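K.L.:
This one is upload-v7.txt, compact mmCIF, C-alpha atoms and all ligand atoms.
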# COMPACT_ATOMS: atom_id res chain seq x y z
CA MET A 1 57.54 -35.68 -81.48
CA LYS A 2 60.22 -33.01 -81.38
CA ILE A 3 63.21 -34.46 -79.57
CA ASP A 4 65.21 -31.73 -77.93
CA ARG A 5 65.97 -30.72 -74.36
CA SER A 6 62.55 -29.14 -73.93
CA ILE A 7 61.17 -32.64 -73.28
CA MET A 8 63.38 -32.93 -70.18
CA ARG A 9 62.18 -31.91 -66.73
CA GLU A 10 62.73 -28.17 -66.47
CA THR A 11 65.12 -28.40 -63.53
CA THR A 12 67.39 -30.93 -65.29
CA ARG A 13 67.42 -29.39 -68.78
CA GLY A 14 70.74 -27.63 -68.29
CA PHE A 15 72.54 -30.71 -66.92
CA GLN A 16 75.85 -31.85 -68.42
CA LYS A 17 77.47 -35.25 -67.96
CA TYR A 18 79.81 -35.60 -64.96
CA TYR A 19 83.62 -35.68 -65.03
CA ASN A 20 84.67 -38.82 -66.92
CA PRO A 21 88.28 -38.53 -68.12
CA LYS A 22 89.65 -40.97 -70.72
CA LEU A 23 92.22 -42.98 -68.81
CA ASN A 24 95.54 -44.27 -70.01
CA GLY A 25 97.20 -45.59 -66.84
CA GLU A 26 97.73 -42.13 -65.31
CA LEU A 27 98.53 -41.54 -61.64
CA ARG A 28 95.16 -40.36 -60.31
CA LEU A 29 95.46 -37.36 -58.02
CA ASP A 30 92.13 -35.98 -59.29
CA THR A 31 89.54 -37.84 -57.15
CA ASN A 32 90.85 -37.54 -53.57
CA THR A 33 90.69 -41.27 -52.96
CA ASN A 34 93.17 -43.10 -50.73
CA VAL A 35 96.55 -43.29 -52.48
CA LEU A 36 97.63 -46.28 -50.35
CA GLY A 37 95.38 -48.53 -52.48
CA SER A 38 92.45 -50.87 -51.68
CA ASN A 39 91.23 -51.21 -48.12
CA PRO A 40 92.97 -54.42 -46.89
CA ALA A 41 90.08 -55.64 -44.67
CA ALA A 42 87.62 -55.19 -47.54
CA GLU A 43 89.98 -56.98 -49.93
CA ARG A 44 90.29 -59.90 -47.48
CA TYR A 45 86.52 -60.06 -47.14
CA LEU A 46 86.08 -60.11 -50.92
CA SER A 47 88.72 -62.77 -51.50
CA GLU A 48 87.36 -65.09 -48.79
CA GLY A 49 83.62 -64.43 -49.06
CA ARG A 50 80.86 -66.54 -50.57
CA TRP A 51 77.39 -65.15 -51.13
CA ASP A 52 73.95 -66.42 -52.02
CA LEU A 53 73.55 -64.34 -55.13
CA ASP A 54 69.92 -65.37 -55.41
CA SER A 55 69.06 -63.56 -52.16
CA TYR A 56 68.36 -59.88 -51.68
CA PRO A 57 70.64 -57.98 -49.34
CA ASN A 58 69.22 -56.89 -46.00
CA THR A 59 66.59 -54.24 -46.85
CA TYR A 60 68.20 -51.43 -44.85
CA SER A 61 71.79 -52.73 -44.35
CA ASP A 62 71.16 -53.49 -40.67
CA GLY A 63 74.58 -55.15 -40.24
CA LEU A 64 76.47 -52.06 -41.36
CA ARG A 65 74.22 -49.76 -39.33
CA ALA A 66 74.97 -51.82 -36.21
CA ALA A 67 78.73 -51.67 -36.89
CA LEU A 68 78.53 -47.88 -37.33
CA GLY A 69 76.55 -47.57 -34.10
CA GLU A 70 79.40 -49.30 -32.26
CA LEU A 71 82.05 -47.19 -33.99
CA TYR A 72 80.47 -43.88 -32.96
CA ASP A 73 78.68 -44.84 -29.70
CA LEU A 74 75.32 -44.19 -31.38
CA GLN A 75 72.34 -46.42 -32.12
CA PRO A 76 71.85 -48.31 -35.41
CA ASP A 77 68.66 -46.25 -35.76
CA ASN A 78 70.80 -43.13 -36.15
CA PHE A 79 72.14 -44.39 -39.50
CA ILE A 80 70.99 -44.84 -43.08
CA ALA A 81 73.38 -46.67 -45.40
CA GLY A 82 73.37 -46.43 -49.17
CA ASN A 83 75.10 -46.53 -52.52
CA GLY A 84 77.80 -43.91 -51.89
CA SER A 85 77.17 -40.70 -49.99
CA ASP A 86 75.83 -39.34 -53.29
CA GLU A 87 72.78 -41.57 -52.76
CA LEU A 88 72.40 -40.16 -49.25
CA LEU A 89 72.57 -36.63 -50.66
CA ASP A 90 69.76 -37.55 -53.04
CA ILE A 91 67.71 -39.11 -50.22
CA THR A 92 68.19 -36.04 -48.04
CA PHE A 93 66.86 -33.68 -50.73
CA LYS A 94 64.05 -36.11 -51.62
CA THR A 95 62.98 -36.28 -47.98
CA PHE A 96 63.21 -32.66 -46.88
CA MET A 97 63.04 -30.41 -49.97
CA GLY A 98 59.72 -29.97 -51.79
CA TRP A 99 59.13 -29.21 -55.48
CA GLY A 100 60.17 -25.60 -56.08
CA ASP A 101 61.85 -25.20 -52.68
CA ARG A 102 65.26 -23.60 -52.31
CA SER A 103 68.39 -25.04 -50.73
CA VAL A 104 71.36 -23.04 -49.54
CA VAL A 105 74.62 -24.13 -51.18
CA PRO A 106 77.93 -22.39 -50.37
CA VAL A 107 80.19 -21.21 -53.22
CA PRO A 108 82.65 -22.74 -53.82
CA SER A 109 81.67 -26.23 -52.62
CA TYR A 110 80.96 -29.72 -53.99
CA THR A 111 79.81 -29.45 -57.60
CA LEU A 112 77.17 -32.19 -57.32
CA TYR A 113 75.00 -30.28 -54.81
CA ASP A 114 73.50 -28.16 -57.60
CA TYR A 115 72.81 -31.37 -59.53
CA PHE A 116 70.97 -33.05 -56.64
CA VAL A 117 68.92 -29.94 -55.89
CA GLY A 118 67.87 -29.68 -59.56
CA LEU A 119 67.30 -33.42 -59.83
CA ASN A 120 64.79 -33.14 -57.03
CA GLY A 121 62.97 -30.15 -58.50
CA GLY A 122 64.44 -27.48 -56.24
CA SER A 123 66.53 -24.40 -56.85
CA VAL A 124 69.87 -23.38 -55.40
CA ALA A 125 70.30 -20.36 -53.16
CA ALA A 126 74.04 -19.86 -53.77
CA VAL A 127 75.78 -18.10 -50.87
CA ASP A 128 79.43 -17.09 -51.24
CA LEU A 129 81.90 -18.22 -48.60
CA THR A 130 83.85 -15.39 -46.99
CA GLU A 131 87.25 -14.27 -48.33
CA ASP A 132 89.01 -16.97 -46.22
CA PHE A 133 86.53 -19.66 -47.39
CA GLN A 134 84.50 -19.74 -44.16
CA LEU A 135 80.69 -19.78 -43.81
CA ASP A 136 78.82 -16.49 -44.13
CA VAL A 137 76.32 -17.45 -41.43
CA ASP A 138 74.18 -14.31 -41.65
CA ALA A 139 73.82 -14.63 -45.42
CA MET A 140 72.91 -18.33 -45.13
CA VAL A 141 70.21 -17.89 -42.51
CA ARG A 142 68.75 -14.86 -44.36
CA GLU A 143 67.81 -17.10 -47.31
CA ASP A 144 64.24 -18.34 -47.43
CA ALA A 145 65.22 -21.99 -47.92
CA LYS A 146 64.15 -25.44 -46.73
CA MET A 147 67.62 -26.93 -46.49
CA ALA A 148 71.23 -25.85 -46.15
CA ILE A 149 74.14 -28.05 -47.13
CA MET A 150 77.86 -27.68 -46.54
CA PRO A 151 80.88 -29.96 -46.87
CA SER A 152 83.29 -29.76 -43.96
CA PRO A 153 86.13 -30.19 -44.79
CA ASN A 154 85.06 -28.28 -47.89
CA ASN A 155 85.67 -29.61 -51.38
CA PRO A 156 87.43 -28.03 -53.32
CA THR A 157 88.97 -25.57 -50.83
CA GLY A 158 90.14 -28.24 -48.34
CA ASN A 159 89.47 -26.37 -45.08
CA CYS A 160 86.99 -27.17 -42.30
CA PHE A 161 84.39 -24.60 -41.40
CA ARG A 162 84.60 -23.23 -37.85
CA GLN A 163 82.66 -25.47 -35.45
CA LYS A 164 80.98 -22.46 -33.85
CA ASP A 165 79.71 -21.28 -37.26
CA ILE A 166 78.22 -24.70 -38.04
CA GLU A 167 76.55 -24.67 -34.61
CA GLU A 168 75.23 -21.18 -35.29
CA VAL A 169 73.74 -22.23 -38.64
CA LEU A 170 72.10 -25.21 -36.88
CA ALA A 171 70.62 -22.91 -34.24
CA ARG A 172 69.47 -20.08 -36.52
CA PHE A 173 68.52 -21.79 -39.82
CA ASP A 174 64.87 -22.78 -39.95
CA GLY A 175 65.30 -26.04 -41.87
CA ILE A 176 67.41 -29.16 -42.23
CA VAL A 177 71.18 -28.60 -42.17
CA VAL A 178 73.34 -31.20 -43.91
CA VAL A 179 77.02 -31.37 -42.98
CA ASP A 180 78.80 -33.47 -45.59
CA GLU A 181 81.83 -34.99 -43.87
CA ALA A 182 83.27 -36.97 -46.79
CA TYR A 183 86.81 -36.03 -45.66
CA ALA A 184 86.26 -35.81 -41.89
CA GLU A 185 88.67 -38.64 -41.06
CA TYR A 186 91.52 -36.30 -42.05
CA ALA A 187 90.31 -33.39 -39.93
CA ASP A 188 90.02 -32.67 -36.21
CA GLY A 189 86.36 -31.72 -35.79
CA SER A 190 83.20 -33.68 -36.66
CA MET A 191 79.50 -33.36 -35.91
CA ILE A 192 78.70 -37.07 -36.21
CA ARG A 193 78.63 -37.93 -32.51
CA ARG A 194 76.34 -34.94 -31.86
CA VAL A 195 73.38 -35.89 -34.07
CA GLU A 196 71.04 -36.43 -31.10
CA GLU A 197 71.86 -32.94 -29.82
CA PHE A 198 70.27 -31.16 -32.82
CA ASP A 199 66.79 -31.71 -34.21
CA ASN A 200 67.78 -30.50 -37.70
CA LEU A 201 71.25 -32.02 -38.31
CA VAL A 202 72.10 -34.64 -40.95
CA VAL A 203 75.75 -35.73 -41.26
CA LEU A 204 76.98 -37.55 -44.38
CA ARG A 205 79.98 -39.86 -44.51
CA THR A 206 81.58 -42.09 -47.14
CA PHE A 207 83.73 -45.19 -47.57
CA SER A 208 85.14 -43.71 -50.81
CA LYS A 209 87.97 -41.61 -49.36
CA ALA A 210 89.98 -42.55 -46.22
CA TYR A 211 88.41 -46.05 -46.28
CA ALA A 212 89.76 -46.67 -49.81
CA MET A 213 86.61 -48.34 -51.13
CA ALA A 214 85.31 -45.94 -53.80
CA ALA A 215 84.81 -48.84 -56.22
CA LEU A 216 82.26 -50.47 -53.91
CA ARG A 217 80.06 -47.34 -53.52
CA VAL A 218 79.17 -47.22 -49.84
CA GLY A 219 78.09 -44.11 -47.92
CA TYR A 220 75.89 -43.31 -44.96
CA ALA A 221 74.02 -40.58 -43.19
CA ALA A 222 73.68 -40.05 -39.44
CA ALA A 223 70.87 -38.08 -37.84
CA ASN A 224 68.63 -38.18 -34.80
CA SER A 225 66.41 -41.25 -34.97
CA LYS A 226 63.30 -39.28 -36.04
CA LEU A 227 65.01 -37.76 -39.09
CA ALA A 228 66.79 -41.04 -39.85
CA ASP A 229 63.47 -42.89 -39.86
CA MET A 230 61.97 -40.40 -42.35
CA MET A 231 64.98 -40.77 -44.65
CA MET A 232 64.80 -44.56 -44.40
CA CYS A 233 61.21 -44.48 -45.66
CA VAL A 234 62.33 -42.52 -48.74
CA LYS A 235 65.45 -44.55 -49.55
CA ILE A 236 65.13 -47.18 -52.29
CA PRO A 237 65.06 -50.55 -50.50
CA TYR A 238 68.12 -52.81 -51.13
CA SER A 239 70.09 -49.95 -52.74
CA LEU A 240 73.28 -51.03 -50.97
CA ASN A 241 74.28 -54.42 -52.34
CA MET A 242 75.15 -57.34 -50.05
CA ILE A 243 78.81 -57.60 -51.10
CA SER A 244 79.60 -53.92 -50.57
CA GLU A 245 77.80 -53.95 -47.23
CA GLY A 246 79.86 -56.93 -46.02
CA ALA A 247 83.11 -55.30 -47.16
CA ALA A 248 82.17 -52.07 -45.36
CA ILE A 249 81.46 -53.95 -42.10
CA ALA A 250 84.90 -55.59 -42.36
CA ALA A 251 86.49 -52.18 -43.01
CA VAL A 252 84.80 -50.53 -40.00
CA LYS A 253 86.36 -53.19 -37.78
CA ASP A 254 89.89 -52.46 -39.04
CA GLN A 255 90.58 -48.91 -37.86
CA GLU A 256 94.35 -49.43 -38.03
CA PHE A 257 94.33 -48.88 -41.82
CA ILE A 258 92.39 -45.62 -41.39
CA ARG A 259 94.87 -44.39 -38.77
CA ARG A 260 97.81 -45.25 -41.04
CA SER A 261 96.18 -43.52 -44.04
CA VAL A 262 95.39 -40.37 -42.09
CA ALA A 263 98.90 -40.24 -40.55
CA MET A 264 100.44 -40.46 -44.04
CA VAL A 265 98.30 -37.55 -45.30
CA ARG A 266 99.04 -35.41 -42.24
CA GLU A 267 102.77 -35.98 -42.72
CA GLN A 268 102.79 -35.39 -46.48
CA ARG A 269 100.33 -32.47 -46.66
CA PRO A 270 102.80 -29.80 -45.43
CA VAL A 271 105.57 -31.32 -47.56
CA LEU A 272 103.43 -31.04 -50.70
CA ALA A 273 102.23 -27.54 -49.78
CA ALA A 274 105.86 -26.39 -49.31
CA GLY A 275 106.83 -27.96 -52.66
CA LEU A 276 103.95 -26.19 -54.40
CA ARG A 277 104.95 -22.88 -52.83
CA ARG A 278 108.53 -23.34 -54.08
CA LEU A 279 107.16 -23.69 -57.63
CA GLY A 280 105.21 -20.43 -57.31
CA PHE A 281 101.77 -21.85 -56.41
CA GLU A 282 99.64 -20.29 -53.67
CA PRO A 283 98.24 -23.28 -51.76
CA TYR A 284 95.24 -22.84 -49.45
CA PRO A 285 95.27 -24.37 -45.93
CA SER A 286 93.83 -27.90 -45.97
CA ASP A 287 92.27 -30.21 -43.37
CA SER A 288 91.74 -32.97 -45.92
CA ASN A 289 93.68 -35.27 -48.26
CA PHE A 290 93.87 -32.69 -51.05
CA ILE A 291 95.15 -29.17 -51.62
CA LEU A 292 93.66 -26.33 -53.65
CA ALA A 293 96.33 -24.04 -55.07
CA ARG A 294 96.45 -21.02 -57.36
CA SER A 295 98.68 -21.86 -60.31
CA PRO A 296 101.64 -19.70 -61.39
CA VAL A 297 100.81 -20.52 -65.05
CA ASP A 298 97.57 -21.05 -66.94
CA HIS A 299 95.48 -23.67 -65.10
CA ALA A 300 94.31 -25.52 -68.23
CA ALA A 301 97.82 -25.70 -69.71
CA LEU A 302 99.14 -27.06 -66.40
CA VAL A 303 96.45 -29.74 -66.08
CA SER A 304 96.73 -30.89 -69.70
CA GLY A 305 100.55 -30.80 -69.56
CA LEU A 306 100.48 -33.05 -66.49
CA LYS A 307 98.02 -35.42 -68.16
CA GLU A 308 100.41 -35.80 -71.08
CA ARG A 309 103.09 -36.70 -68.53
CA GLY A 310 100.84 -39.31 -66.89
CA ILE A 311 99.35 -37.45 -63.90
CA LEU A 312 95.75 -36.37 -63.43
CA ILE A 313 94.85 -33.46 -61.16
CA ARG A 314 91.60 -31.47 -61.16
CA ASP A 315 91.09 -28.11 -62.84
CA PHE A 316 89.00 -25.53 -60.95
CA GLY A 317 90.56 -22.56 -62.72
CA ALA A 318 87.56 -21.55 -64.84
CA LYS A 319 85.21 -21.26 -61.85
CA ARG A 320 84.38 -18.13 -59.91
CA ARG A 321 86.22 -17.89 -56.56
CA THR A 322 88.81 -20.49 -57.62
CA GLU A 323 90.16 -18.62 -60.65
CA ASN A 324 93.31 -20.24 -62.05
CA CYS A 325 93.28 -22.87 -59.25
CA ILE A 326 94.01 -26.57 -59.44
CA ARG A 327 93.21 -29.25 -56.84
CA THR A 328 95.48 -32.19 -56.22
CA THR A 329 95.21 -35.17 -53.90
CA VAL A 330 98.05 -35.46 -51.38
CA GLY A 331 100.12 -38.42 -52.57
CA THR A 332 102.72 -40.62 -50.93
CA ALA A 333 106.21 -39.08 -50.55
CA GLU A 334 107.23 -40.66 -53.87
CA GLN A 335 104.07 -39.57 -55.70
CA ASN A 336 104.42 -36.01 -54.42
CA ARG A 337 108.04 -35.86 -55.58
CA LEU A 338 106.99 -37.07 -59.03
CA LEU A 339 104.09 -34.59 -59.15
CA LEU A 340 106.30 -31.66 -58.19
CA ASP A 341 109.01 -32.66 -60.70
CA GLU A 342 106.49 -32.95 -63.53
CA MET A 343 104.82 -29.70 -62.50
CA GLU A 344 108.18 -27.95 -62.63
CA ALA A 345 108.74 -29.27 -66.17
CA VAL A 346 105.27 -28.21 -67.36
CA ILE A 347 105.66 -24.76 -65.80
CA ALA A 348 109.02 -24.34 -67.60
CA GLU A 349 107.34 -25.29 -70.91
CA CYS A 350 104.55 -22.75 -70.28
CA ARG A 351 106.99 -19.87 -69.80
C1 LIG B 1 82.25 -33.34 -50.49
C2 LIG B 1 81.88 -34.64 -51.12
N1 LIG B 1 80.73 -35.21 -50.80
C3 LIG B 1 80.34 -36.38 -51.34
C4 LIG B 1 81.13 -37.04 -52.26
C5 LIG B 1 80.63 -38.31 -52.87
O1 LIG B 1 81.17 -39.41 -52.30
P1 LIG B 1 80.64 -40.88 -52.59
O2 LIG B 1 81.71 -41.56 -53.35
O3 LIG B 1 80.42 -41.48 -51.24
O4 LIG B 1 79.35 -40.79 -53.36
C6 LIG B 1 82.36 -36.49 -52.63
C7 LIG B 1 83.19 -37.15 -53.64
O5 LIG B 1 84.12 -36.63 -54.19
C8 LIG B 1 82.75 -35.26 -52.05
O6 LIG B 1 83.90 -34.67 -52.39
Could you quickly redo this structure as C-alpha cells?
P.N.:
Amino acid sequence: MKIDRSIMRETTRGFQKYYNPKLNGELRLDTNTNVLGSNPAAERYLSEGRWDLDSYPNTYSDGLRAALGELYDLQPDNFIAGNGSDELLDITFKTFMGWGDRSVVPVPSYTLYDYFVGLNGGSVAAVDLTEDFQLDVDAMVREDAKMAIMPSPNNPTGNCFRQKDIEEVLARFDGIVVVDEAYAEYADGSMIRRVEEFDNLVVLRTFSKAYAMAALRVGYAAANSKLADMMMCVKIPYSLNMISEGAAIAAVKDQEFIRRSVAMVREQRPVLAAGLRRLGFEPYPSDSNFILARSPVDHAALVSGLKERGILIRDFGAKRRTENCIRTTVGTAEQNRLLLDEMEAVIAECR
C-alpha cells in the first residue's frame, strides 16, 4: 500500500498539527488563559475530593447542567457539557452540517473553525469582516450555507460584534448560527440568556479562560431545548470526565473569583494598550483578555526575540487581515510591565 496523504479523508488531507510550542518556563501570554492562576474553588475541590474511579461519570453531566441552569436562569435541558468548547464545536458541526455542506466562517476568526468544518466533511465559506472587524451581515446571509459561526468577542481581534448585527444574522440566515462566547465574561453583551428566543441559536462557552481551568477541559453549549436535545444525541456519552465535571460545578458556585479576574483585566487592558502605543504598536480595541496589535518591527523577529527573553505571545503577522500583528494576553500589572520592557529591548535590537 502506498502510504502518503492520499489515503487520508479528502477534507483532512491538508491538515497540519496545532500550535504546540516547546516550553522552557516562559511566561505564557500566548493562550489567553487566566493569568491569576488556577481557579481556587476547583483547586479546593480537587484537593478534598475522593472519587470512585471504577464508575463512569454521569452520562450527560447532569450536575453541571443543573448548576449552569441556575447560573443563567435557564433549564438544565438548555445545556450540553463536554470536553472543552472545542468538543462542543465538533458536536455542533456533526449535528447540523452534512457531508459536503458549507459553513460560514468570518475572516479573521478562531483558527480551529476551518479544522472542525473539514473534520466533519464540510467546506468553509470564508467571509471577510469589515474594515473595523465587524460582521458583514449581507455577505454572510448571501452564502448558500448550512451553518454560520462567529466568536464574540472575536479571537484574534478582541472586539465584540455589534449585538444588532448578530440578531440580524440570526433573523436572516437560513441555518444554525453559532455564537462562540469563549471570552464573554470579559465583555458587556452575551446571547446566552436569549437561547429560547431564537430557534437557530447555539451559544458556546468555556471554563478555559476566565474560569482558569484550561487544564481540566470543560466547555458547554446553550441552545433552545429542541436543538440541545439533538446535540445531546450526537455527543459521545461520558466525554466529560467525573473529576472535571465536579471541579466545574464548584467553580460555577464561586463567582467572586470570576468577578476579580474580570476586574483585573478591565483595569489592566487600557494600561497595556497605552504601553503598546508608546512603543509604536497599533493596538485594536478589545473586549476580551487579550489585545491584537500591529507591530512596529517584524512580527516574527518580535515574537522570537520575546521567547528568547522568556515570554510567549502569539504571532498572527503572516495571516491575511492581521499582517504584521501579534496577539498578547493582558497580564497582571507586573507581567505587563515586564512584557513592555522586554518588547522595548527586542524592538531596539531589531532596529
Ligand atoms: C474563540 C475560541 N473558541 C473556543 C476555544 C476553545 O476553548 P476550549 O479550551 O474550551 O476548547 C478558544 C480557545 O482558545 C477560543 O479562542
K.L.:
Could you pull the residues within 7 Å of Leu292 of chain A, counting all atoms listed in the file, minus those fewer than 3 positions along the same chain, as a list in words?
P.N.:
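Returned residues: Pro156, Thr157, Gly158, Pro283, Tyr284, Cys325, Ile326, Arg327 and Thr328 of chain A.
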K.L.:
Sorted by chain and rising residue number, which residues of chain A lie within 8 Å of ligand LIG 1 (chain B), and what are their closest atom pairs and distances in Å to one decimal, counting all atoms listed in the file, as JSON lines?
P.N.:
{"residue": "A:Thr31", "atom": "CA", "partner": "B:LIG1", "partner_atom": "O5", "distance": 6.3}
{"residue": "A:Asn32", "atom": "CA", "partner": "B:LIG1", "partner_atom": "O5", "distance": 6.8}
{"residue": "A:Asn83", "atom": "CA", "partner": "B:LIG1", "partner_atom": "O4", "distance": 7.2}
{"residue": "A:Gly84", "atom": "CA", "partner": "B:LIG1", "partner_atom": "O3", "distance": 3.6}
{"residue": "A:Ser85", "atom": "CA", "partner": "B:LIG1", "partner_atom": "O3", "distance": 3.6}
{"residue": "A:Asp86", "atom": "CA", "partner": "B:LIG1", "partner_atom": "O4", "distance": 3.8}
{"residue": "A:Glu87", "atom": "CA", "partner": "B:LIG1", "partner_atom": "O4", "distance": 6.6}
{"residue": "A:Leu89", "atom": "CA", "partner": "B:LIG1", "partner_atom": "C3", "distance": 7.8}
{"residue": "A:Ser109", "atom": "CA", "partner": "B:LIG1", "partner_atom": "C1", "distance": 7.4}
{"residue": "A:Tyr110", "atom": "CA", "partner": "B:LIG1", "partner_atom": "C1", "distance": 5.2}
{"residue": "A:Leu112", "atom": "CA", "partner": "B:LIG1", "partner_atom": "C3", "distance": 8.0}
{"residue": "A:Pro151", "atom": "CA", "partner": "B:LIG1", "partner_atom": "C1", "distance": 5.1}
{"residue": "A:Ser152", "atom": "CA", "partner": "B:LIG1", "partner_atom": "C1", "distance": 7.5}
{"residue": "A:Pro153", "atom": "CA", "partner": "B:LIG1", "partner_atom": "C1", "distance": 7.6}
{"residue": "A:Asn154", "atom": "CA", "partner": "B:LIG1", "partner_atom": "C1", "distance": 6.3}
{"residue": "A:Asn155", "atom": "CA", "partner": "B:LIG1", "partner_atom": "C1", "distance": 5.1}
{"residue": "A:Pro156", "atom": "CA", "partner": "B:LIG1", "partner_atom": "O6", "distance": 7.6}
{"residue": "A:Asp180", "atom": "CA", "partner": "B:LIG1", "partner_atom": "N1", "distance": 5.8}
{"residue": "A:Glu181", "atom": "CA", "partner": "B:LIG1", "partner_atom": "C1", "distance": 6.8}
{"residue": "A:Ala182", "atom": "CA", "partner": "B:LIG1", "partner_atom": "N1", "distance": 5.1}
{"residue": "A:Tyr183", "atom": "CA", "partner": "B:LIG1", "partner_atom": "C1", "distance": 7.2}
{"residue": "A:Leu204", "atom": "CA", "partner": "B:LIG1", "partner_atom": "N1", "distance": 7.8}
{"residue": "A:Arg205", "atom": "CA", "partner": "B:LIG1", "partner_atom": "O3", "distance": 6.9}
{"residue": "A:Thr206", "atom": "CA", "partner": "B:LIG1", "partner_atom": "O3", "distance": 4.3}
{"residue": "A:Phe207", "atom": "CA", "partner": "B:LIG1", "partner_atom": "O3", "distance": 6.2}
{"residue": "A:Ser208", "atom": "CA", "partner": "B:LIG1", "partner_atom": "O2", "distance": 4.8}
{"residue": "A:Lys209", "atom": "CA", "partner": "B:LIG1", "partner_atom": "O2", "distance": 7.4}
{"residue": "A:Ala214", "atom": "CA", "partner": "B:LIG1", "partner_atom": "O2", "distance": 5.7}
{"residue": "A:Arg217", "atom": "CA", "partner": "B:LIG1", "partner_atom": "O2", "distance": 6.0}
{"residue": "A:Val218", "atom": "CA", "partner": "B:LIG1", "partner_atom": "O3", "distance": 6.0}
{"residue": "A:Gly219", "atom": "CA", "partner": "B:LIG1", "partner_atom": "O3", "distance": 4.8}
{"residue": "A:Tyr220", "atom": "CA", "partner": "B:LIG1", "partner_atom": "O3", "distance": 8.0}
K.L.:
Could you please give me, as a PDB file with C-alpha atoms, keeping the file's coordinate frame, the residues of protein, DNA or RNA lying at most 12 Å from (78.2, -45.8, -39.7) in the coordinate frame of the file, considering only C-alpha atoms?
P.N.:
ATOM      1  CA  SER A  61      71.790 -52.730 -44.350  1.00  0.00           C
ATOM      2  CA  ASP A  62      71.160 -53.490 -40.670  1.00  0.00           C
ATOM      3  CA  GLY A  63      74.580 -55.150 -40.240  1.00  0.00           C
ATOM      4  CA  LEU A  64      76.470 -52.060 -41.360  1.00  0.00           C
ATOM      5  CA  ARG A  65      74.220 -49.760 -39.330  1.00  0.00           C
ATOM      6  CA  ALA A  66      74.970 -51.820 -36.210  1.00  0.00           C
ATOM      7  CA  ALA A  67      78.730 -51.670 -36.890  1.00  0.00           C
ATOM      8  CA  LEU A  68      78.530 -47.880 -37.330  1.00  0.00           C
ATOM      9  CA  GLY A  69      76.550 -47.570 -34.100  1.00  0.00           C
ATOM     10  CA  GLU A  70      79.400 -49.300 -32.260  1.00  0.00           C
ATOM     11  CA  LEU A  71      82.050 -47.190 -33.990  1.00  0.00           C
ATOM     12  CA  TYR A  72      80.470 -43.880 -32.960  1.00  0.00           C
ATOM     13  CA  ASP A  73      78.680 -44.840 -29.700  1.00  0.00           C
ATOM     14  CA  LEU A  74      75.320 -44.190 -31.380  1.00  0.00           C
ATOM     15  CA  GLN A  75      72.340 -46.420 -32.120  1.00  0.00           C
ATOM     16  CA  PRO A  76      71.850 -48.310 -35.410  1.00  0.00           C
ATOM     17  CA  ASP A  77      68.660 -46.250 -35.760  1.00  0.00           C
ATOM     18  CA  ASN A  78      70.800 -43.130 -36.150  1.00  0.00           C
ATOM     19  CA  PHE A  79      72.140 -44.390 -39.500  1.00  0.00           C
ATOM     20  CA  ILE A  80      70.990 -44.840 -43.080  1.00  0.00           C
ATOM     21  CA  ALA A  81      73.380 -46.670 -45.400  1.00  0.00           C
ATOM     22  CA  GLY A  82      73.370 -46.430 -49.170  1.00  0.00           C
ATOM     23  CA  SER A  85      77.170 -40.700 -49.990  1.00  0.00           C
ATOM     24  CA  ILE A 192      78.700 -37.070 -36.210  1.00  0.00           C
ATOM     25  CA  ARG A 193      78.630 -37.930 -32.510  1.00  0.00           C
ATOM     26  CA  VAL A 203      75.750 -35.730 -41.260  1.00  0.00           C
ATOM     27  CA  LEU A 204      76.980 -37.550 -44.380  1.00  0.00           C
ATOM     28  CA  ARG A 205      79.980 -39.860 -44.510  1.00  0.00           C
ATOM     29  CA  THR A 206      81.580 -42.090 -47.140  1.00  0.00           C
ATOM     30  CA  PHE A 207      83.730 -45.190 -47.570  1.00  0.00           C
ATOM     31  CA  VAL A 218      79.170 -47.220 -49.840  1.00  0.00           C
ATOM     32  CA  GLY A 219      78.090 -44.110 -47.920  1.00  0.00           C
ATOM     33  CA  TYR A 220      75.890 -43.310 -44.960  1.00  0.00           C
ATOM     34  CA  ALA A 221      74.020 -40.580 -43.190  1.00  0.00           C
ATOM     35  CA  ALA A 222      73.680 -40.050 -39.440  1.00  0.00           C
ATOM     36  CA  ALA A 223      70.870 -38.080 -37.840  1.00  0.00           C
ATOM     37  CA  GLU A 245      77.800 -53.950 -47.230  1.00  0.00           C
ATOM     38  CA  ALA A 248      82.170 -52.070 -45.360  1.00  0.00           C
ATOM     39  CA  ILE A 249      81.460 -53.950 -42.100  1.00  0.00           C
ATOM     40  CA  ALA A 251      86.490 -52.180 -43.010  1.00  0.00           C
ATOM     41  CA  VAL A 252      84.800 -50.530 -40.000  1.00  0.00           C
ATOM     42  CA  LYS A 253      86.360 -53.190 -37.780  1.00  0.00           C
TER      43      LYS A 253
END
K.L.:
Got a sec: who's within 12 Å of Gln255 of chain A, counting only C-alpha atoms, leaving out chain neighbours fewer than 6 positions off, as a list in words?
P.N.:
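Here the qualifying residues turn out to be Asn39, Pro40, Ala41, Ala42, Leu71, Glu185, Ala210, Tyr211, Ala248, Ile249, Ser261 and Val262 of chain A.
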K.L.:
Which one of A:Glu48, A:Glu10, A:Glu282, A:Glu349 sits closest to Gly100 of chain A if you count only C-alpha atoms?
P.N.:
A:Glu10
K.L.:
When distances are computed from all atoms listed in the file, which of A:Ala318, A:Leu23, A:Ile347, A:Ala212 shows the smallest separation from Val35 of chain A?
P.N.:
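Checking each candidate against Val35 of chain A, we get A:Ala212 as the closest.
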K.L.:
Quick one: distance from atom CA of Ser304 of chain A to atom CA of Gly25 of chain A in Å, one decimal?
P.N.:
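Atom CA of Gly25 of chain A lies at a distance of 15.0 Å from atom CA of Ser304 of chain A.
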K.L.:
Can you work out which one of A:Trp99, A:Asp341, A:Thr59, A:Tyr115 has the shortest atom-to-atom distance to Lys17 of chain A, counting all atoms listed in the file?
P.N.:
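Nearest candidate to Lys17 of chain A out of A:Trp99, A:Asp341, A:Thr59, A:Tyr115: A:Tyr115.
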K.L.:
Using all atoms listed in the file, which of the listed residues (A:Ile3, A:Leu46, A:Met191, A:Ile258) sits closest to Met242 of chain A?
P.N.:
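Counting all atoms listed in the file, the residue closest to Met242 of chain A is A:Leu46.
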K.L.:
Could you work out how far atom CA of Ile176 of chain A lies from atom CA of Asn159 of chain A, giving the answer in Å with one decimal?
P.N.:
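Distance between the two atoms: 22.4 Å.
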K.L.:
Here is a test: counting all atoms listed in the file, which residue of A:Thr332, A:Tyr18, A:Asn324, A:Leu227 is nearest to Phe96 of chain A?
P.N.:
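Among the listed residues, the smallest separation from Phe96 of chain A belongs to A:Leu227.
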